[in-house]
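As provided, entry.cif (mmCIF, C-alpha atoms and all ligand atoms) reads as follows.
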```cif
data_model
#
loop_
_atom_site.label_atom_id
_atom_site.label_comp_id
_atom_site.auth_asym_id
_atom_site.auth_seq_id
_atom_site.Cartn_x
_atom_site.Cartn_y
_atom_site.Cartn_z
CA MET A 1 9.14 219.84 9.99
CA LEU A 2 6.93 217.00 11.13
CA GLN A 3 8.53 214.28 13.26
CA PRO A 4 6.73 211.03 14.07
CA GLN A 5 5.82 210.31 17.67
CA PRO A 6 8.49 208.16 19.38
CA THR A 7 7.40 204.62 20.32
CA ALA A 8 8.79 201.75 22.39
CA GLY A 9 10.60 200.05 19.49
CA ASP A 10 13.49 201.36 17.40
CA THR A 11 12.06 203.07 14.33
CA SER A 12 15.13 205.08 13.36
CA TRP A 13 16.43 202.64 10.73
CA PHE A 14 12.90 202.18 9.38
CA THR A 15 12.22 205.85 8.72
CA HIS A 16 15.59 206.04 6.99
CA ASP A 17 15.36 202.92 4.83
CA ARG A 18 11.80 203.47 3.59
CA PHE A 19 11.47 200.55 1.21
CA GLY A 20 10.87 196.86 1.93
CA MET A 21 9.72 193.60 0.38
CA PHE A 22 6.65 191.76 1.63
CA ILE A 23 6.55 188.05 0.79
CA HIS A 24 3.40 185.93 0.92
CA TRP A 25 4.33 182.32 0.52
CA GLY A 26 2.51 179.25 1.75
CA LEU A 27 0.32 176.36 0.66
CA TYR A 28 -2.04 178.81 -1.05
CA SER A 29 0.73 179.42 -3.60
CA LEU A 30 -0.29 176.07 -5.10
CA GLY A 31 -3.94 177.07 -5.39
CA ALA A 32 -2.53 180.10 -7.24
CA ARG A 33 -5.74 182.08 -6.84
CA HIS A 34 -5.38 184.29 -3.75
CA GLU A 35 -4.13 183.45 -0.28
CA TRP A 36 -7.70 183.51 1.07
CA LEU A 37 -8.90 180.68 -1.17
CA MET A 38 -9.57 178.36 1.76
CA ASN A 39 -12.02 180.97 3.04
CA ALA A 40 -13.41 182.05 -0.34
CA GLU A 41 -14.10 178.51 -1.57
CA LYS A 42 -14.98 177.15 1.89
CA ILE A 43 -12.47 174.35 1.64
CA SER A 44 -12.46 172.04 4.65
CA VAL A 45 -9.29 171.46 6.63
CA ALA A 46 -9.03 167.85 5.42
CA GLU A 47 -9.50 168.79 1.79
CA TYR A 48 -7.01 171.65 2.00
CA GLU A 49 -4.43 169.33 3.52
CA ARG A 50 -5.10 166.70 0.88
CA ARG A 51 -4.62 169.12 -1.99
CA TYR A 52 -1.91 171.48 -0.85
CA PHE A 53 -0.10 170.24 2.25
CA LYS A 54 0.48 166.90 0.53
CA HIS A 55 1.84 168.56 -2.63
CA PHE A 56 3.90 171.49 -1.40
CA ASP A 57 7.31 170.82 -2.94
CA PRO A 58 9.23 174.03 -3.68
CA ASP A 59 12.11 172.34 -5.48
CA LEU A 60 13.35 175.53 -7.13
CA TYR A 61 13.44 177.52 -3.90
CA ASP A 62 16.69 179.43 -3.60
CA PRO A 63 16.29 182.21 -1.03
CA GLN A 64 19.52 183.84 -2.14
CA LEU A 65 17.85 184.66 -5.46
CA TRP A 66 14.97 186.29 -3.58
CA ALA A 67 17.33 188.30 -1.41
CA ASP A 68 19.29 189.39 -4.49
CA ALA A 69 16.10 190.48 -6.23
CA ALA A 70 15.12 192.56 -3.19
CA ALA A 71 18.58 194.07 -2.76
CA ASN A 72 18.82 194.97 -6.44
CA ALA A 73 15.45 196.69 -6.25
CA GLY A 74 16.78 198.84 -3.40
CA MET A 75 14.76 197.18 -0.66
CA LYS A 76 16.27 197.35 2.81
CA TYR A 77 14.03 195.07 4.85
CA PHE A 78 11.70 192.19 4.20
CA VAL A 79 8.63 190.72 5.86
CA ILE A 80 7.80 187.04 5.33
CA THR A 81 4.59 185.21 6.17
CA THR A 82 5.85 182.69 8.74
CA LYS A 83 2.22 181.51 8.91
CA HIS A 84 -0.77 182.92 7.06
CA HIS A 85 -4.44 182.46 7.94
CA GLU A 86 -4.38 178.92 6.51
CA GLY A 87 -2.21 177.90 9.49
CA PHE A 88 0.72 176.31 7.65
CA CYS A 89 4.11 177.14 9.17
CA LEU A 90 7.26 177.69 7.12
CA TRP A 91 9.57 176.86 10.00
CA ASP A 92 10.14 173.77 12.10
CA SER A 93 7.88 174.74 15.00
CA LYS A 94 7.75 172.40 18.00
CA PHE A 95 4.10 173.22 18.54
CA THR A 96 2.51 171.88 15.37
CA ASP A 97 2.83 169.18 12.74
CA TYR A 98 1.40 171.47 10.10
CA LYS A 99 4.75 172.75 8.91
CA ALA A 100 7.15 172.70 5.98
CA THR A 101 9.29 169.92 7.44
CA ASN A 102 6.31 167.54 7.25
CA SER A 103 5.30 168.52 3.71
CA PRO A 104 7.14 167.26 0.61
CA ALA A 105 9.44 170.29 1.10
CA LYS A 106 10.89 168.30 4.02
CA ARG A 107 12.89 171.20 5.39
CA ASP A 108 12.70 174.40 7.34
CA LEU A 109 12.13 177.11 4.74
CA LEU A 110 12.39 180.10 7.03
CA LYS A 111 15.89 179.75 8.47
CA PRO A 112 17.74 179.81 5.13
CA MET A 113 15.57 182.72 4.00
CA VAL A 114 16.44 184.83 7.03
CA GLU A 115 20.10 184.01 6.52
CA ALA A 116 20.05 184.80 2.80
CA PHE A 117 18.46 188.21 3.33
CA ARG A 118 20.80 189.08 6.17
CA LYS A 119 23.70 188.31 3.88
CA ARG A 120 22.49 191.13 1.65
CA ASP A 121 22.14 193.47 4.65
CA ILE A 122 18.39 193.30 4.51
CA ARG A 123 16.62 193.54 7.85
CA VAL A 124 14.28 190.83 8.99
CA GLY A 125 10.55 191.13 9.52
CA LEU A 126 8.26 188.27 10.46
CA TYR A 127 4.58 188.33 9.56
CA HIS A 128 2.46 186.05 11.70
CA SER A 129 -1.24 185.42 11.28
CA LEU A 130 -3.32 185.78 14.42
CA LEU A 131 -6.11 183.89 12.70
CA ASP A 132 -5.67 180.20 12.06
CA TRP A 133 -8.20 178.25 10.01
CA HIS A 134 -6.40 174.99 10.67
CA HIS A 135 -5.78 174.96 14.40
CA PRO A 136 -8.14 172.64 16.31
CA HIS A 137 -8.56 175.11 19.17
CA MET A 138 -9.33 178.32 17.36
CA ILE A 139 -13.04 178.92 17.87
CA ILE A 140 -14.96 178.99 14.61
CA ASP A 141 -16.92 182.21 14.24
CA ASN A 142 -19.59 183.46 11.87
CA LYS A 143 -17.43 186.12 10.23
CA ILE A 144 -14.32 184.59 8.69
CA GLY A 145 -13.04 181.13 7.84
CA PRO A 146 -14.15 178.20 5.70
CA TYR A 147 -16.97 177.23 8.10
CA ARG A 148 -18.38 180.71 8.72
CA GLU A 149 -21.61 180.14 6.81
CA LEU A 150 -22.52 176.76 8.24
CA PRO A 151 -25.80 176.74 10.18
CA GLU A 152 -25.12 177.75 13.75
CA ALA A 153 -25.81 174.26 15.08
CA GLU A 154 -23.16 172.79 12.81
CA ARG A 155 -20.63 175.40 13.80
CA GLU A 156 -21.45 174.66 17.42
CA LYS A 157 -20.75 171.02 16.79
CA LEU A 158 -17.37 171.81 15.23
CA ASN A 159 -16.62 174.04 18.18
CA GLU A 160 -17.14 171.22 20.69
CA GLY A 161 -13.91 170.67 22.58
CA ARG A 162 -12.29 173.79 21.17
CA ASP A 163 -10.66 176.10 23.68
CA GLN A 164 -9.66 179.56 22.51
CA ALA A 165 -7.30 179.95 25.48
CA LYS A 166 -5.34 176.96 24.22
CA TYR A 167 -5.08 178.58 20.82
CA ALA A 168 -3.84 181.81 22.46
CA GLU A 169 -1.19 179.72 24.18
CA TYR A 170 -0.15 178.35 20.79
CA LEU A 171 0.22 181.92 19.49
CA TYR A 172 2.31 182.73 22.54
CA ASN A 173 4.57 179.71 22.15
CA GLN A 174 5.11 180.28 18.46
CA THR A 175 5.83 183.95 18.98
CA LYS A 176 8.45 182.91 21.51
CA GLU A 177 10.00 180.54 19.01
CA LEU A 178 10.10 183.16 16.30
CA LEU A 179 11.71 185.70 18.59
CA THR A 180 14.31 183.36 20.06
CA GLU A 181 15.38 181.08 17.24
CA PHE A 182 16.07 183.47 14.40
CA GLY A 183 18.42 186.02 15.94
CA LYS A 184 17.52 189.68 15.93
CA VAL A 185 14.12 190.31 14.41
CA ASP A 186 13.51 193.90 13.33
CA VAL A 187 9.77 193.81 12.66
CA LEU A 188 6.93 191.67 13.96
CA TRP A 189 3.92 191.95 11.68
CA TYR A 190 0.81 190.40 13.26
CA ASP A 191 -2.31 190.07 11.12
CA PHE A 192 -5.14 190.82 12.16
CA SER A 193 -8.10 191.45 14.54
CA TYR A 194 -11.80 191.66 13.80
CA PRO A 195 -13.55 191.96 17.16
CA ASP A 196 -17.30 191.62 17.25
CA LYS A 197 -18.86 195.08 17.36
CA GLU A 198 -21.41 193.98 19.92
CA GLY A 199 -18.80 192.38 22.17
CA ARG A 200 -20.20 188.85 21.95
CA GLY A 201 -16.80 187.16 22.00
CA SER A 202 -14.92 184.45 20.09
CA LYS A 203 -17.89 182.97 18.25
CA PHE A 204 -18.61 186.27 16.54
CA GLY A 205 -15.18 187.72 15.85
CA LYS A 206 -11.68 187.91 17.27
CA GLY A 207 -9.79 190.59 19.13
CA LYS A 208 -7.38 191.23 21.94
CA ASP A 209 -9.08 188.88 24.41
CA ASP A 210 -9.06 186.00 21.94
CA TRP A 211 -5.34 186.38 21.13
CA GLN A 212 -4.45 187.50 24.68
CA SER A 213 -2.73 190.39 23.01
CA GLU A 214 -1.48 191.98 26.19
CA LYS A 215 0.42 188.85 27.16
CA LEU A 216 1.90 188.68 23.67
CA LEU A 217 2.95 192.31 23.84
CA LYS A 218 4.73 191.77 27.17
CA LEU A 219 6.56 188.77 25.79
CA ILE A 220 7.67 190.61 22.66
CA ARG A 221 8.90 193.71 24.47
CA GLU A 222 10.78 191.44 26.88
CA LEU A 223 12.42 189.18 24.27
CA GLN A 224 13.28 191.83 21.69
CA PRO A 225 12.84 195.27 23.23
CA LYS A 226 13.87 197.16 20.09
CA ILE A 227 11.61 195.29 17.70
CA MET A 228 8.93 197.18 15.79
CA ILE A 229 5.38 195.84 16.13
CA ASP A 230 2.57 196.62 13.73
CA ASP A 231 -0.86 197.82 14.79
CA ARG A 232 -3.16 194.83 14.41
CA LEU A 233 -3.24 193.34 17.93
CA ASN A 234 -6.37 195.32 18.80
CA LEU A 235 -4.84 196.96 21.89
CA PRO A 236 -5.73 200.49 23.03
CA ASP A 237 -3.44 203.21 21.62
CA ASP A 238 -2.46 204.35 25.10
CA HIS A 239 -1.32 200.95 26.37
CA PRO A 240 1.71 201.64 28.65
CA LEU A 241 3.94 199.07 26.95
CA GLY A 242 3.46 200.72 23.57
CA PRO A 243 0.88 198.64 21.66
CA TRP A 244 2.37 199.38 18.24
CA ASP A 245 5.26 201.14 16.55
CA PHE A 246 3.77 201.78 13.15
CA LYS A 247 0.48 201.98 11.27
CA THR A 248 -0.23 199.81 8.24
CA PRO A 249 -2.63 201.19 5.63
CA GLU A 250 -3.09 198.57 2.90
CA GLN A 251 -4.60 198.71 -0.60
CA PHE A 252 -4.93 202.49 -0.51
CA GLN A 253 -2.57 205.43 -0.19
CA PRO A 254 -3.32 207.76 2.72
CA ASP A 255 -3.92 211.36 1.64
CA GLY A 256 -1.15 212.71 3.86
CA TRP A 257 1.06 211.79 6.80
CA VAL A 258 -0.88 209.30 8.94
CA HIS A 259 -1.96 210.88 12.23
CA ILE A 260 -3.28 209.16 15.34
CA ASN A 261 -4.98 211.29 18.00
CA GLY A 262 -3.82 214.35 16.10
CA LYS A 263 -0.14 213.32 16.07
CA PRO A 264 2.01 212.12 13.16
CA VAL A 265 3.13 208.49 13.52
CA VAL A 266 5.48 206.08 11.78
CA TRP A 267 3.58 204.37 8.99
CA GLU A 268 4.02 201.95 6.14
CA ALA A 269 1.80 201.41 3.12
CA CYS A 270 1.77 197.77 2.05
CA GLN A 271 0.64 197.14 -1.50
CA THR A 272 0.35 194.32 -3.98
CA LEU A 273 1.68 194.00 -7.52
CA SER A 274 -1.70 192.74 -8.65
CA GLY A 275 -4.88 192.17 -6.64
CA SER A 276 -3.58 189.24 -4.63
CA TRP A 277 -0.88 188.81 -1.98
CA GLY A 278 -0.33 185.12 -2.60
CA TYR A 279 0.76 183.92 -6.05
CA HIS A 280 -2.11 184.35 -8.52
CA ARG A 281 -1.62 182.70 -11.87
CA ASP A 282 -4.56 184.07 -13.84
CA GLU A 283 -4.86 187.58 -12.62
CA ALA A 284 -3.86 190.09 -15.29
CA SER A 285 -4.32 193.38 -13.46
CA TRP A 286 -0.67 193.99 -12.69
CA ARG A 287 0.59 197.43 -11.75
CA SER A 288 3.25 198.94 -13.96
CA THR A 289 6.78 199.60 -12.78
CA GLU A 290 6.13 203.31 -13.06
CA GLU A 291 3.00 203.13 -10.92
CA LEU A 292 4.91 201.29 -8.23
CA ILE A 293 7.76 203.81 -8.26
CA ARG A 294 5.18 206.58 -7.91
CA THR A 295 3.71 204.79 -4.91
CA LEU A 296 7.13 204.58 -3.28
CA ILE A 297 7.68 208.30 -3.90
CA ASP A 298 4.18 209.15 -2.72
CA SER A 299 4.72 207.24 0.55
CA VAL A 300 8.02 208.96 1.35
CA SER A 301 6.58 212.36 0.38
CA LYS A 302 4.04 211.81 3.17
CA GLY A 303 6.61 210.67 5.73
CA GLY A 304 5.88 206.96 5.25
CA ASN A 305 7.37 203.68 4.05
CA PHE A 306 6.46 201.36 1.23
CA LEU A 307 6.31 197.59 1.62
CA LEU A 308 5.83 196.01 -1.79
CA ASN A 309 4.55 192.46 -1.93
CA VAL A 310 5.63 189.50 -4.05
CA GLY A 311 3.93 186.11 -4.02
CA PRO A 312 6.42 183.41 -5.06
CA THR A 313 5.16 180.27 -6.80
CA GLY A 314 4.70 176.85 -5.26
CA ARG A 315 7.97 175.77 -6.82
CA GLY A 316 9.70 178.55 -4.98
CA GLU A 317 10.34 181.17 -7.61
CA ILE A 318 9.42 184.83 -7.86
CA ASP A 319 7.58 184.77 -11.18
CA GLU A 320 8.70 186.79 -14.16
CA ARG A 321 6.00 189.43 -13.91
CA ALA A 322 7.20 190.30 -10.43
CA MET A 323 10.87 190.07 -11.41
CA ASP A 324 10.23 192.44 -14.28
CA ARG A 325 8.81 195.08 -11.88
CA LEU A 326 11.59 194.57 -9.35
CA LYS A 327 14.23 195.03 -12.03
CA GLY A 328 12.56 198.19 -13.31
CA ILE A 329 12.34 199.63 -9.81
CA GLY A 330 16.01 198.72 -9.29
CA GLU A 331 16.98 200.62 -12.44
CA TRP A 332 15.26 203.68 -11.11
CA MET A 333 16.58 203.27 -7.56
CA LYS A 334 20.15 202.94 -8.79
CA ARG A 335 20.04 206.59 -9.85
CA HIS A 336 17.37 208.03 -7.60
CA SER A 337 17.61 206.35 -4.20
CA ARG A 338 19.04 209.61 -2.84
CA SER A 339 15.52 211.01 -2.97
CA ILE A 340 14.23 208.03 -0.95
CA TYR A 341 16.73 206.91 1.72
CA GLY A 342 16.96 209.30 4.64
CA CYS A 343 14.14 211.37 3.19
CA THR A 344 10.78 212.41 4.51
CA GLN A 345 7.96 214.87 3.96
CA ALA A 346 9.21 218.34 3.03
CA PRO A 347 8.81 221.22 5.50
CA ALA A 348 5.30 222.64 5.37
CA GLU A 349 6.26 225.89 3.61
CA PHE A 350 7.27 223.93 0.51
CA VAL A 351 4.14 222.84 -1.27
CA ALA A 352 4.89 220.72 -4.34
CA PRO A 353 3.73 222.14 -7.68
CA LYS A 354 0.94 220.40 -9.58
CA ASP A 355 1.79 216.86 -10.77
CA CYS A 356 4.86 216.79 -8.54
CA ARG A 357 5.90 215.31 -5.18
CA TYR A 358 8.57 216.58 -2.83
CA THR A 359 10.74 214.55 -0.53
CA TYR A 360 13.32 216.14 1.74
CA ASN A 361 16.54 215.04 3.35
CA PRO A 362 16.92 217.06 6.56
CA THR A 363 20.56 216.03 7.01
CA THR A 364 21.81 217.19 3.63
CA LYS A 365 19.15 219.90 3.31
CA ARG A 366 18.27 218.78 -0.18
CA LEU A 367 14.79 218.94 -1.55
CA TYR A 368 13.76 216.46 -4.23
CA LEU A 369 11.24 217.43 -6.85
CA HIS A 370 9.66 214.35 -8.45
CA VAL A 371 8.05 215.32 -11.72
CA LEU A 372 5.17 212.96 -12.44
CA ALA A 373 3.97 214.69 -15.62
CA TRP A 374 6.62 216.37 -17.72
CA PRO A 375 5.87 220.09 -18.09
CA TYR A 376 6.61 222.73 -20.71
CA LYS A 377 10.14 223.73 -19.81
CA HIS A 378 9.46 225.70 -16.63
CA ILE A 379 8.18 224.90 -13.19
CA ALA A 380 7.69 227.53 -10.49
CA LEU A 381 8.54 226.43 -6.97
CA ASP A 382 6.58 228.31 -4.37
CA ASN A 383 8.41 229.84 -1.42
CA LEU A 384 11.82 228.92 -2.76
CA ALA A 385 12.95 232.22 -4.28
CA GLY A 386 16.48 232.91 -3.12
CA LYS A 387 16.71 229.64 -1.19
CA VAL A 388 18.17 227.30 -3.80
CA GLU A 389 21.94 227.18 -4.17
CA TYR A 390 22.13 224.70 -7.06
CA ALA A 391 19.89 222.25 -8.91
CA GLN A 392 20.45 219.18 -11.04
CA LEU A 393 18.64 216.23 -12.51
CA LEU A 394 19.35 213.21 -10.36
CA ASN A 395 19.61 210.64 -13.16
CA ASP A 396 22.65 212.21 -14.83
CA ALA A 397 23.71 215.10 -12.57
CA SER A 398 23.04 217.57 -15.37
CA GLU A 399 22.55 221.13 -14.23
CA VAL A 400 19.05 222.53 -14.06
CA LYS A 401 19.09 226.28 -14.48
CA LEU A 402 17.63 228.44 -11.75
CA GLN A 403 16.19 230.80 -14.20
CA GLY A 404 13.36 233.20 -13.51
CA LEU A 405 10.61 233.81 -16.01
CA GLU A 406 10.48 236.94 -18.09
CA GLU A 407 8.11 239.42 -16.59
CA TRP A 408 5.57 239.06 -19.39
CA GLN A 409 5.58 235.27 -18.88
CA SER A 410 5.28 235.34 -15.11
CA ALA A 411 2.18 237.47 -15.37
CA HIS A 412 0.41 234.24 -16.28
CA TRP A 413 1.58 232.33 -13.19
CA LYS A 414 -0.34 232.46 -10.00
CA LEU A 415 2.80 232.54 -7.87
CA GLY A 416 4.47 235.91 -7.42
CA GLN A 417 7.97 236.23 -8.83
CA ASN A 418 9.66 237.15 -5.58
CA GLN A 419 8.19 234.19 -3.78
CA ALA A 420 8.69 231.43 -6.35
CA GLN A 421 11.89 230.04 -7.81
CA THR A 422 11.49 229.11 -11.45
CA ILE A 423 13.62 226.35 -12.90
CA THR A 424 14.23 225.47 -16.53
CA LEU A 425 13.83 221.84 -17.50
CA PRO A 426 14.96 220.19 -20.72
CA GLN A 427 12.41 220.01 -23.51
CA VAL A 428 12.50 216.23 -23.55
CA LYS A 429 11.71 214.17 -20.49
CA PRO A 430 14.77 212.22 -19.33
CA ASN A 431 14.39 208.56 -20.14
CA VAL A 432 13.57 207.41 -16.58
CA ALA A 433 10.27 206.35 -15.02
CA VAL A 434 10.01 209.44 -12.83
CA PRO A 435 12.55 212.27 -13.27
CA VAL A 436 13.83 213.94 -10.11
CA VAL A 437 15.34 217.39 -9.67
CA GLU A 438 17.73 217.65 -6.75
CA LEU A 439 17.56 221.09 -5.16
CA PHE A 440 20.46 222.04 -2.88
CA LEU A 441 19.02 224.48 -0.37
CA LYS A 442 21.13 227.30 1.02
C1 LIG B 501 -4.89 191.32 5.09
C2 LIG B 501 -5.17 189.97 4.55
C3 LIG B 501 -4.03 189.35 3.97
C4 LIG B 501 -2.71 190.00 3.84
C5 LIG B 501 -2.58 191.21 4.67
C6 LIG B 501 -1.41 192.06 4.31
O1 LIG B 501 -5.28 191.62 6.31
O2 LIG B 501 -5.81 189.16 5.44
O3 LIG B 501 -4.24 188.24 3.25
O4 LIG B 501 -1.77 189.13 4.32
O5 LIG B 501 -3.71 191.94 4.75
O6 LIG B 501 -1.48 193.33 4.82
#
```

Could you render the structure from this file as structure tokens?
Amino acid sequence: MLQPQPTAGDTSWFTHDRFGMFIHWGLYSLGARHEWLMNAEKISVAEYERRYFKHFDPDLYDPQLWADAAANAGMKYFVITTKHHEGFCLWDSKFTDYKATNSPAKRDLLKPMVEAFRKRDIRVGLYHSLLDWHHPHMIIDNKIGPYRELPEAEREKLNEGRDQAKYAEYLYNQTKELLTEFGKVDVLWYDFSYPDKEGRGSKFGKGKDDWQSEKLLKLIRELQPKIMIDDRLNLPDDHPLGPWDFKTPEQFQPDGWVHINGKPVVWEACQTLSGSWGYHRDEASWRSTEELIRTLIDSVSKGGNFLLNVGPTGRGEIDERAMDRLKGIGEWMKRHSRSIYGCTQAPAEFVAPKDCRYTYNPTTKRLYLHVLAWPYKHIALDNLAGKVEYAQLLNDASEVKLQGLEEWQSAHWKLGQNQAQTITLPQVKPNVAVPVVELFLK
């Protein structure tokens, strides 16, 4: 069985819990058309402040409702955008005025959130943007940000007096705040680096030298040695302090267990409900509950985690389209979480049949067959002949017969009879998003 490479942080809870909630919430929630709108529409700092900072008033914000929604969906950790690329901070940072306490919200929004989620036994993850389109010292480059397409001379003018080292210090100070003022933090989720390919420095992209990533890494490992750090600091994989604890594919599902330098690593797919991370009013391309459940299953079947994003509104609510999905996932998880928690990719000799995914719990030695397309009564499970002690559907614990095919039938299967275990499924698909057969191995 594959085991992920150990790293500096504690990943044991993470590879057990498997499922988390990502939350993108900030001033962009008011724009309600993607969290990158400042970049996309090239909105100046002053204009962005005028529109959104001056009007951010989440009067319906009740973090306990968010935590309840996550807990009921079966999520075991959450990751909140303490600051996104726009630069606005949800907590009462000493190092900026651009924060929730100075907006019409007039309060620290992060502290009560962390407390509410902890109350539901949900672990705490803090997302923090490395980029900052608001900070007066972050050098403006020609790749990303509202001023990226200005003529070079104008960008140069805006860059007068800016000092990237001062911005790196700001990152350092805020990281320190986040890791000292909110108790134990389980995950630090930095986002992201885009170093210039030709190595021309801050005016053409941003990477480890611009963030002073190594200094940040030292600080983090010192303040919270067990914390898990994501992989976006742009440090070399072989950094002695352990530059990351997990990999973060986003907006696609990897085709198998994520490997780095030929070795399996801890990984987490982060995905959106629709095409945007921040609240998007008009976007209609929402994923169905079933699709999302399949993504969760798919991630665990490849030894990974699933971090599902919600983008609450500017008034502080998780909107009904998201709530609907979370409730549906919760319904499924209530009866099927046994095939998720504590599970991982099945041992290599068990290759899932067509239209199915396996997960495996090495402690209980149970193999979970997720049936994505309901078949005609029988499925043949390769390499499992004589190895299954008992089988049942997970939703209602109804027995699934370990019945071989008649000889004349099995002549039409590719798998040989002595190698495959055939099981007999009910004619009608159980009324659940994805049915699961629990196979107790001998
Ligand atoms: C990206 C985007 C972003 C989002 C993040 C989540 O890098 O910049 O808006 O927060 O991915 O993974």

For the contact check between stretch 142-247 of chain A and stretch 23-38 of chain A, emit one row per residue of stretch 142-247 of chain A within 10 Å, containing the shortest atom pair and the distance in Å rounded to one decimal, counting all atoms listed in the file, chain then rising number order, as CSV.
```
residue,atom,partner,partner_atom,distance
A:Gly145,CA,A:Met38,CA,7.5
A:Pro146,CA,A:Met38,CA,6.0
A:Tyr147,CA,A:Met38,CA,9.8
```

Write the residues you've just listed into a file as a JSON list (two decimals), in the coordinates of the input, and include C-alpha atoms for each of them.
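For reference, selection17.json as written:
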```
[["chain", "number", "residue", "atom", "x", "y", "z"],
["A", 145, "GLY", "CA", -13.04, 181.13, 7.84],
["A", 146, "PRO", "CA", -14.15, 178.20, 5.70],
["A", 147, "TYR", "CA", -16.97, 177.23, 8.10]]
```

Check your understanding: Within 9 Å of ligand LIG 501 (chain B), counting only C-alpha atoms and all ligand atoms: which residues, as a PyMOL selection string?
Key -> chain A and resi 22+24+34-36+81+84-85+127+129+131+189+191-193+232+248-251+269-272+276-278+309

Excluding A:Ala70 and residues on its chain fewer than 5 positions from it, collect all residues at most 8 Å away from it, counting all atoms listed in the file, and give them as a compact mmCIF listing (two decimals) with C-alpha atoms, in the frame of the given file.
```txt
# COMPACT_ATOMS: atom_id res chain seq x y z
CA GLY A 20 10.87 196.86 1.93
CA MET A 21 9.72 193.60 0.38
CA MET A 75 14.76 197.18 -0.66
CA LYS A 76 16.27 197.35 2.81
CA LEU A 326 11.59 194.57 -9.35
```

Point to revise | For A:Val351: contacts at 12 Å, only C-alpha atoms, fewer than 2 positions along chain excluded, given as a ChimeraX atom specification | key: /A:301-302,345-349,353-360,367-369,380-384,415,420

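Checking A:Glu177, A:Asp141, A:Asp108, A:Glu169 one by one against A:Leu126, counting only C-alpha atoms, you find the shortest gap at A:Glu177.
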